[in-house]
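A quick write-up on the structure given underneath.
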Amino acid sequence: MKINNKLCKNGNLFLGLNYWSSKHAIKMWENWDTLEIEKDLKIIHEYGITHLRIFPLWSYFQPIHALMSNNKIIEYAFEHSPLPNTEAGRAGVSEEACQRFEEFCSIAEKYKIKLIVGLITGHMSFRYFAPPALEGKNLVNDPTAVKWELRFIHYFVKRMRKQSAIVGWDLGNECNGFAKTNGLNNPDEAYVWCSALSDAIRTSDPTRPVITGFDTIPIEQEAFNIFDVTECADIHTVHTYNIFQTNNAPLISMRSILHSSILCRMYRDIGNIPTFLQEIGSIGYTNCSQKVEALFYRALVLSSWAYNCFGVMWWCAFDQGNMDYPPYDWNTIGSDYGFFTYDRKPKPIAKIHKKVLEVLHHPQLEELPSLTNDAVCILSRNESNPFSTANTAFCLALQANMNMSFAHATTELPDSSLYMFPSINEFHSICKRHLDKLLDRVKAGASLYISIGEGLFRSLPEITGVTIAYREKINNAEKVNINGKIITLKADYRYVIETCEAEVLATGEDGRPVYTKNRYGDGYVYFSTIPIEKYLSTNENFCLDKTSEYSAWYLPLFEAVKENHIVNTNSHVLRVTEHKKDNNNRIVMAINYSTFDVTADLNIRQGWQISDVYYGECDEKNISVSACGGVVFKITRTSTSSKDA
């Protein structure tokens, strides 16, 4: 993947905040206070924050009104005066607002803070802020709205491009939400909008990347989707919040901590452009305490670094619960979950942030080497919401000491020794031509894992060695025996097997095969009639240590990739990633994805040893990690007899 920007650098992680002023929040531009802004940025700088995402509130920066007569627009004007015949006036942009923005950039430069600018900030904390002349219009496909959006971007970006603090332009805060609000479901209209705004940015400033600024969007469905947006932007973003996306799991659990890293990896792999975590937060103290929020942040930063997520930006800088106007008095989504209180007192999250910086800035870790990858997880065509299933598959794989990347069933698959097609729910999951190419990889020696949910899959007898007599819909869970271990699982269907020529890995209560392994050319096909990933996606406890037996389902797959790995632990919540510097040295990150301290056995392959510890504590045999903490160390080859991995 080619990265041609200064913001996203492989092996590095920038840490930032989404910023509204501590005193005035969304009214900061109209109630401009230089001294208060400087106090904000001073403490942000003191705590080691290097990047801020800021928002020129659209309704304030382009405050145009449509002056009407007999249902016809006579002219566009500011509220109390005509648009001046200047470049700013013709764009409907407030000179005063721009001057305040320039002053903000100067203060940021003083404190060495880099800025990501959300251009069309027409949405903020569930309130919409279109200029008065555009209120009620569809802001994506209405030609008048788009015309003024383009005028704003051309003028504003051209004027501000000389500000050295700015490192990127995003299209605007969650503008994909405009489609949902206005009932837009035409991806062609969304594509035209994205393309037009991106081109306007690049024309006005070809030196900085175009960033989406979007929250979670689907891969191929709905108006805004990964495939279309990728063509228009240089960098993707994800906005992830536990209360919306993993709310059946505790905030500090493997599923919730890793969700952002998984989405970043998925968007990056499928879109083939860098992706960073632009918004994440705890959303306040019903969901967790301030102490737990800080622990979550620590594990989040470490895992984001391990999985090369480029950047993490917390929502938000300062508490806003003391504001008494919309949107803050509407709901608690705009409340007290900043790094700092509204009067700039640091919270536990700010304090733990300073400690995490010690490892991120360690002189021996200036660029974390690439992650050792084991498997490619294939996402089905037409899958409306693959994220929960993919999250579960990723966590199960990690518990079995495997790391996976992602590919879509419609794209060219990367080379891998293991491909995984989990919990297929679609009748059109993969085209024959793509399946044939996949099976060619298996014939050449790769392994393929398939689990079936609601969907159908072609050529199963030939691929799996299993002939299915029939299937019947079931609603009950059953106890399944896998290698002598009994675990409780639920399937969509009970498959009655007519013949089975494959090796049986697991059986149901009645002894029928439910998980098999079949030789296919020089490779193997693993086939599960139980969509374990789908079932566990709603099981809030599967990532906790007491229910770690579910990882037994993926342990047979580890045989295909075990030569990739040097290090493992015997804990299912203390998981490791390996980052290969060269054939003789690797950086290892061990992260505790749990609410409790963990002491575990550390298993290092013979012929390797720990040569340095950069963060935390461990020795050759044991490792102890506090809740949501981590250890970073280097292993070095000591014997040439050890296999090169």
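Residue names in the structure tokens use chain letters A, B, ... in the order shown, residue numbers from 1 in each chain, and ligand numbers from 1 in the order shown.
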
Worksheet item: region 469-529 of chain A: which residues are strand (DSSP E) by DSSP, as an MDAnalysis selection string?
Response: chainID A and resid 469:473 477:482 485:490 493:500 503:507 513:520 523:528

Per residue of region 166-269 of chain A within 7 Å of region 107-119 of chain A, which atom pair is closest and at what distance in Å (one decimal), using only C-alpha atoms, listed by chain and increasing number, as a tab-separated table?
```
residue	atom	partner	partner_atom	distance
A:Ile166	CA	A:Leu115	CA	4.5
A:Val167	CA	A:Leu115	CA	5.8
A:Gly168	CA	A:Ile116	CA	4.9
A:Trp169	CA	A:Val117	CA	5.0
A:Asp170	CA	A:Gly118	CA	4.8
A:Leu171	CA	A:Leu119	CA	5.5
A:Gly172	CA	A:Gly118	CA	4.2
A:Asn173	CA	A:Gly118	CA	5.7
A:Gly213	CA	A:Gly118	CA	6.9
```

Take the selection from the previous step and output its residues with C-alpha atoms, as a compact mmCIF listing (two decimals), in the first residue's frame.
```txt
# COMPACT_ATOMS: atom_id res chain seq x y z
CA ILE A 166 -2.64 21.96 8.79
CA VAL A 167 -1.76 18.38 7.78
CA GLY A 168 -4.99 17.22 6.15
CA TRP A 169 -8.48 18.15 4.99
CA ASP A 170 -11.41 15.95 5.75
CA LEU A 171 -14.63 16.28 3.80
CA GLY A 172 -16.53 17.16 6.95
CA ASN A 173 -17.75 15.63 10.14
CA GLY A 213 -14.08 12.23 7.99
```

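Of the listed residues (A:Gly122, A:Gly11, A:Pro461, A:Gly281), A:Pro461 comes nearest to Ala502 (chain A); the distances count only C-alpha atoms.
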
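Proximity to Ser289 (chain A) was assessed for A:Tyr337, A:Trp315, A:Phe244, A:Tyr614 counting only C-alpha atoms; the smallest distance is recorded for A:Tyr337.
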
Worksheet item: Could you write out, as a ChimeraX atom specification, all the residues of region 58-258 of chain A that DSSP marks as helix (DSSP H, G or I)?
Response: /A:58-61,87-90,95-110,132-134,143-160,176-181,187-204,226-230,242-245,254-258

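The nearest approach to Ile273 (chain A) among the residues A:Ile566, A:Leu251, A:Ala317, A:Cys8, with only C-alpha atoms taken into account, belongs to A:Cys8.
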
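Across the structure, CA of Ile235 (chain A) and CA of Pro56 (chain A) are spaced 20.2 Å apart.
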
Worksheet entry | Shell around region 214-230 of chain A at 6 Å using only C-alpha atoms, local window under 3 positions removed, as a ChimeraX atom specification | /A:174,185-187,190,233,237-239,271

Since we have the selection now, will you write its residues out, keeping all heavy atoms, as a short mmCIF file (atom, residue, chain, number, x, y, z; two decimals), in the first residue's frame?
```cif
data_model
loop_
_atom_site.label_atom_id
_atom_site.label_comp_id
_atom_site.auth_asym_id
_atom_site.auth_seq_id
_atom_site.Cartn_x
_atom_site.Cartn_y
_atom_site.Cartn_z
N GLU A 174 -18.61 13.44 9.53
CA GLU A 174 -19.63 12.42 9.30
C GLU A 174 -20.67 12.84 8.28
O GLU A 174 -21.88 12.68 8.47
CB GLU A 174 -20.28 12.02 10.63
CG GLU A 174 -19.27 11.45 11.62
CD GLU A 174 -19.87 10.98 12.93
OE1 GLU A 174 -21.08 11.20 13.16
OE2 GLU A 174 -19.13 10.39 13.73
N ASN A 185 -30.29 7.04 -0.86
CA ASN A 185 -29.72 5.70 -0.92
C ASN A 185 -29.13 5.39 -2.29
O ASN A 185 -28.97 4.24 -2.66
CB ASN A 185 -30.77 4.64 -0.56
CG ASN A 185 -32.00 4.72 -1.46
OD1 ASN A 185 -31.98 5.40 -2.49
ND2 ASN A 185 -33.05 4.02 -1.09
N ASN A 186 -28.82 6.44 -3.04
CA ASN A 186 -28.26 6.26 -4.37
C ASN A 186 -26.74 6.42 -4.30
O ASN A 186 -26.22 7.52 -4.11
CB ASN A 186 -28.84 7.31 -5.33
CG ASN A 186 -28.41 7.09 -6.76
OD1 ASN A 186 -27.34 6.54 -7.02
ND2 ASN A 186 -29.22 7.54 -7.71
N PRO A 187 -25.99 5.32 -4.44
CA PRO A 187 -24.53 5.42 -4.34
C PRO A 187 -23.90 6.26 -5.44
O PRO A 187 -22.82 6.82 -5.24
CB PRO A 187 -24.06 3.96 -4.42
CG PRO A 187 -25.19 3.21 -5.03
CD PRO A 187 -26.43 3.93 -4.64
N ALA A 190 -23.94 9.81 -4.18
CA ALA A 190 -22.93 9.96 -3.14
C ALA A 190 -21.53 10.00 -3.74
O ALA A 190 -20.66 10.77 -3.30
CB ALA A 190 -23.04 8.82 -2.13
N ALA A 233 -10.92 9.53 -2.02
CA ALA A 233 -10.13 10.03 -0.89
C ALA A 233 -8.75 9.42 -0.86
O ALA A 233 -8.47 8.41 -1.51
CB ALA A 233 -10.87 9.73 0.42
N THR A 237 -11.29 7.04 7.39
CA THR A 237 -11.39 7.18 8.84
C THR A 237 -12.46 6.23 9.37
O THR A 237 -13.37 5.84 8.64
CB THR A 237 -11.78 8.61 9.25
OG1 THR A 237 -13.05 8.95 8.68
CG2 THR A 237 -10.74 9.60 8.80
N VAL A 238 -12.33 5.87 10.64
CA VAL A 238 -13.40 5.16 11.33
C VAL A 238 -13.70 5.91 12.62
O VAL A 238 -12.81 6.47 13.26
CB VAL A 238 -13.04 3.68 11.63
CG1 VAL A 238 -12.89 2.90 10.34
CG2 VAL A 238 -11.79 3.57 12.48
N HIS A 239 -14.98 5.92 12.97
CA HIS A 239 -15.45 6.49 14.22
C HIS A 239 -16.15 5.36 14.97
O HIS A 239 -17.20 4.88 14.52
CB HIS A 239 -16.44 7.64 13.97
CG HIS A 239 -15.86 8.79 13.21
ND1 HIS A 239 -16.61 9.91 12.88
CD2 HIS A 239 -14.62 9.02 12.71
CE1 HIS A 239 -15.85 10.76 12.21
NE2 HIS A 239 -14.63 10.24 12.10
N GLY A 271 -10.01 -1.18 0.97
CA GLY A 271 -9.92 0.07 0.23
C GLY A 271 -8.54 0.35 -0.31
O GLY A 271 -8.38 1.16 -1.22
#
```

Worksheet item: Within 6 Å of His236 (chain A), counting only C-alpha atoms, which residues qualify if same-chain residues fewer than 6 places away don't, as a ChimeraX atom specification?
Response: /A:211-212,275

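Of the listed residues (A:Ser429, A:Thr638, A:Ser626, A:Asn373), A:Ser429 comes nearest to Ala409 (chain A); the distances count only C-alpha atoms.
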
Please provide as a compact mmCIF listing (two decimals) with C-alpha atoms, in the first residue's frame all residues within 9 Å of Gln245 (chain A), with the sequence filter that same-chain residues fewer than 2 positions apart are discarded (counting only C-alpha atoms).
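Result file follows (out_16.txt):
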```
# COMPACT_ATOMS: atom_id res chain seq x y z
CA THR A 240 -16.13 3.74 16.73
CA TYR A 241 -18.00 3.80 20.01
CA ASN A 242 -18.72 0.82 22.23
CA ILE A 243 -22.27 1.95 23.01
CA ASN A 247 -22.53 -2.62 23.47
CA ASN A 248 -23.20 -6.23 24.43
CA SER A 256 -14.52 -3.69 22.37
CA HIS A 259 -13.07 -3.30 17.30
CA PHE A 387 -18.56 -6.12 11.09
CA SER A 388 -19.81 -8.14 14.08
```

Practice prompt. Kindly indicate which residue among A:Lys345, A:Arg605, A:Lys9, A:His123 lies nearest to Glu620 (chain A), using only C-alpha atoms for the distances.
Written response: A:Arg605

Discussion item. Which residue is closest to Leu57 (chain A)? Choose from A:Asn182, A:Asn475, A:Asn539, A:Ser94 and count only C-alpha atoms.
Written reply: A:Ser94

Worksheet entry | Test item: residues at most 10 Å from Ser198 (chain A), only C-alpha atoms, excluding those fewer than 2 positions along its chain, as an MDAnalysis selection string | chainID A and resid 150 153 169:171 192:196 200:204 209:212 231:234

Those same residues - N, CA, C and O atoms - I'd like them written as a PDB file, in the first residue's frame.
```pdb
ATOM      1  N   LEU A 150     -19.010  23.685  -2.729  1.00  0.00           N
ATOM      2  CA  LEU A 150     -17.797  23.784  -3.542  1.00  0.00           C
ATOM      3  C   LEU A 150     -17.194  25.186  -3.471  1.00  0.00           C
ATOM      4  O   LEU A 150     -15.963  25.346  -3.415  1.00  0.00           O
ATOM      5  N   ILE A 153     -15.357  25.402  -0.149  1.00  0.00           N
ATOM      6  CA  ILE A 153     -14.099  24.641  -0.140  1.00  0.00           C
ATOM      7  C   ILE A 153     -13.034  25.340  -0.974  1.00  0.00           C
ATOM      8  O   ILE A 153     -11.882  25.500  -0.537  1.00  0.00           O
ATOM      9  N   TRP A 169      -7.114  17.635   5.103  1.00  0.00           N
ATOM     10  CA  TRP A 169      -8.477  18.154   4.988  1.00  0.00           C
ATOM     11  C   TRP A 169      -9.446  16.977   4.980  1.00  0.00           C
ATOM     12  O   TRP A 169      -9.316  16.095   4.146  1.00  0.00           O
ATOM     13  N   ASP A 170     -10.379  16.970   5.926  1.00  0.00           N
ATOM     14  CA  ASP A 170     -11.412  15.953   5.755  1.00  0.00           C
ATOM     15  C   ASP A 170     -12.674  16.579   5.200  1.00  0.00           C
ATOM     16  O   ASP A 170     -12.909  17.789   5.340  1.00  0.00           O
ATOM     17  N   LEU A 171     -13.470  15.762   4.516  1.00  0.00           N
ATOM     18  CA  LEU A 171     -14.631  16.285   3.797  1.00  0.00           C
ATOM     19  C   LEU A 171     -15.594  16.988   4.732  1.00  0.00           C
ATOM     20  O   LEU A 171     -16.282  17.925   4.326  1.00  0.00           O
ATOM     21  N   VAL A 192     -20.674  11.051  -6.772  1.00  0.00           N
ATOM     22  CA  VAL A 192     -20.487  12.343  -7.435  1.00  0.00           C
ATOM     23  C   VAL A 192     -20.174  13.421  -6.405  1.00  0.00           C
ATOM     24  O   VAL A 192     -19.292  14.263  -6.603  1.00  0.00           O
ATOM     25  N   TRP A 193     -20.880  13.392  -5.277  1.00  0.00           N
ATOM     26  CA  TRP A 193     -20.646  14.379  -4.217  1.00  0.00           C
ATOM     27  C   TRP A 193     -19.221  14.249  -3.675  1.00  0.00           C
ATOM     28  O   TRP A 193     -18.491  15.240  -3.560  1.00  0.00           O
ATOM     29  N   CYS A 194     -18.814  13.014  -3.331  1.00  0.00           N
ATOM     30  CA  CYS A 194     -17.462  12.791  -2.807  1.00  0.00           C
ATOM     31  C   CYS A 194     -16.406  13.236  -3.809  1.00  0.00           C
ATOM     32  O   CYS A 194     -15.420  13.888  -3.449  1.00  0.00           O
ATOM     33  N   SER A 195     -16.608  12.870  -5.052  1.00  0.00           N
ATOM     34  CA  SER A 195     -15.631  13.193  -6.088  1.00  0.00           C
ATOM     35  C   SER A 195     -15.519  14.697  -6.291  1.00  0.00           C
ATOM     36  O   SER A 195     -14.414  15.250  -6.406  1.00  0.00           O
ATOM     37  N   ALA A 196     -16.662  15.377  -6.313  1.00  0.00           N
ATOM     38  CA  ALA A 196     -16.656  16.827  -6.535  1.00  0.00           C
ATOM     39  C   ALA A 196     -15.932  17.550  -5.399  1.00  0.00           C
ATOM     40  O   ALA A 196     -15.086  18.433  -5.640  1.00  0.00           O
ATOM     41  N   ALA A 200     -12.301  19.475  -5.526  1.00  0.00           N
ATOM     42  CA  ALA A 200     -12.215  20.886  -5.138  1.00  0.00           C
ATOM     43  C   ALA A 200     -11.083  21.107  -4.137  1.00  0.00           C
ATOM     44  O   ALA A 200     -10.345  22.098  -4.212  1.00  0.00           O
ATOM     45  N   ILE A 201     -10.920  20.172  -3.198  1.00  0.00           N
ATOM     46  CA  ILE A 201      -9.826  20.282  -2.224  1.00  0.00           C
ATOM     47  C   ILE A 201      -8.487  20.181  -2.928  1.00  0.00           C
ATOM     48  O   ILE A 201      -7.575  20.992  -2.715  1.00  0.00           O
ATOM     49  N   ARG A 202      -8.351  19.183  -3.804  1.00  0.00           N
ATOM     50  CA  ARG A 202      -7.065  18.959  -4.467  1.00  0.00           C
ATOM     51  C   ARG A 202      -6.707  20.114  -5.407  1.00  0.00           C
ATOM     52  O   ARG A 202      -5.533  20.469  -5.545  1.00  0.00           O
ATOM     53  N   THR A 203      -7.716  20.692  -6.058  1.00  0.00           N
ATOM     54  CA  THR A 203      -7.455  21.842  -6.925  1.00  0.00           C
ATOM     55  C   THR A 203      -6.942  23.019  -6.121  1.00  0.00           C
ATOM     56  O   THR A 203      -6.032  23.745  -6.549  1.00  0.00           O
ATOM     57  N   SER A 204      -7.510  23.197  -4.924  1.00  0.00           N
ATOM     58  CA  SER A 204      -7.141  24.343  -4.095  1.00  0.00           C
ATOM     59  C   SER A 204      -5.878  24.102  -3.284  1.00  0.00           C
ATOM     60  O   SER A 204      -5.186  25.063  -2.915  1.00  0.00           O
ATOM     61  N   PRO A 209      -3.375  15.565   2.023  1.00  0.00           N
ATOM     62  CA  PRO A 209      -4.301  14.479   1.700  1.00  0.00           C
ATOM     63  C   PRO A 209      -5.755  14.852   1.959  1.00  0.00           C
ATOM     64  O   PRO A 209      -6.072  15.667   2.830  1.00  0.00           O
ATOM     65  N   VAL A 210      -6.634  14.205   1.198  1.00  0.00           N
ATOM     66  CA  VAL A 210      -8.076  14.295   1.410  1.00  0.00           C
ATOM     67  C   VAL A 210      -8.489  13.134   2.303  1.00  0.00           C
ATOM     68  O   VAL A 210      -8.219  11.968   1.990  1.00  0.00           O
ATOM     69  N   ILE A 211      -9.137  13.451   3.403  1.00  0.00           N
ATOM     70  CA  ILE A 211      -9.540  12.473   4.413  1.00  0.00           C
ATOM     71  C   ILE A 211     -11.066  12.401   4.409  1.00  0.00           C
ATOM     72  O   ILE A 211     -11.735  13.423   4.263  1.00  0.00           O
ATOM     73  N   THR A 212     -11.630  11.223   4.586  1.00  0.00           N
ATOM     74  CA  THR A 212     -13.093  11.113   4.488  1.00  0.00           C
ATOM     75  C   THR A 212     -13.807  11.840   5.617  1.00  0.00           C
ATOM     76  O   THR A 212     -14.790  12.532   5.384  1.00  0.00           O
ATOM     77  N   GLU A 231     -12.149   5.631  -4.118  1.00  0.00           N
ATOM     78  CA  GLU A 231     -11.717   6.268  -5.364  1.00  0.00           C
ATOM     79  C   GLU A 231     -11.560   7.780  -5.215  1.00  0.00           C
ATOM     80  O   GLU A 231     -10.888   8.414  -6.029  1.00  0.00           O
ATOM     81  N   CYS A 232     -12.183   8.338  -4.201  1.00  0.00           N
ATOM     82  CA  CYS A 232     -12.216   9.796  -4.062  1.00  0.00           C
ATOM     83  C   CYS A 232     -11.246  10.337  -3.019  1.00  0.00           C
ATOM     84  O   CYS A 232     -10.827  11.493  -3.107  1.00  0.00           O
ATOM     85  N   ALA A 233     -10.918   9.531  -2.020  1.00  0.00           N
ATOM     86  CA  ALA A 233     -10.132  10.032  -0.886  1.00  0.00           C
ATOM     87  C   ALA A 233      -8.745   9.424  -0.859  1.00  0.00           C
ATOM     88  O   ALA A 233      -8.466   8.414  -1.515  1.00  0.00           O
ATOM     89  N   ASP A 234      -7.860  10.034  -0.081  1.00  0.00           N
ATOM     90  CA  ASP A 234      -6.514   9.512   0.137  1.00  0.00           C
ATOM     91  C   ASP A 234      -6.414   8.702   1.415  1.00  0.00           C
ATOM     92  O   ASP A 234      -5.561   7.829   1.543  1.00  0.00           O
TER      93      ASP A 234
END
```

Discussion item. Give me, as a VMD selection string, all polymer residues having an atom no more than 7 Å from Ile378 (chain A), counting only C-alpha atoms and skipping those fewer than 2 positions away in the same chain.
Written reply: chain A and resid 376 380 406 to 409 420 to 421

Write a file of the just-selected residues containing C-alpha atoms, as a PDB file, in the first residue's frame.
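Writing the result to selection.pdb gives the following:
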```pdb
ATOM      1  CA  VAL A 376      -7.015 -13.674   5.036  1.00  0.00           C
ATOM      2  CA  SER A 380     -19.120 -12.033   1.464  1.00  0.00           C
ATOM      3  CA  PHE A 406      -9.261  -8.892   5.196  1.00  0.00           C
ATOM      4  CA  ALA A 407     -10.325  -9.195   1.594  1.00  0.00           C
ATOM      5  CA  HIS A 408     -13.655  -8.905  -0.175  1.00  0.00           C
ATOM      6  CA  ALA A 409     -15.092 -11.753  -2.210  1.00  0.00           C
ATOM      7  CA  MET A 420     -11.179 -17.970   6.105  1.00  0.00           C
ATOM      8  CA  PHE A 421     -14.777 -17.563   4.943  1.00  0.00           C
TER       9      PHE A 421
END
```
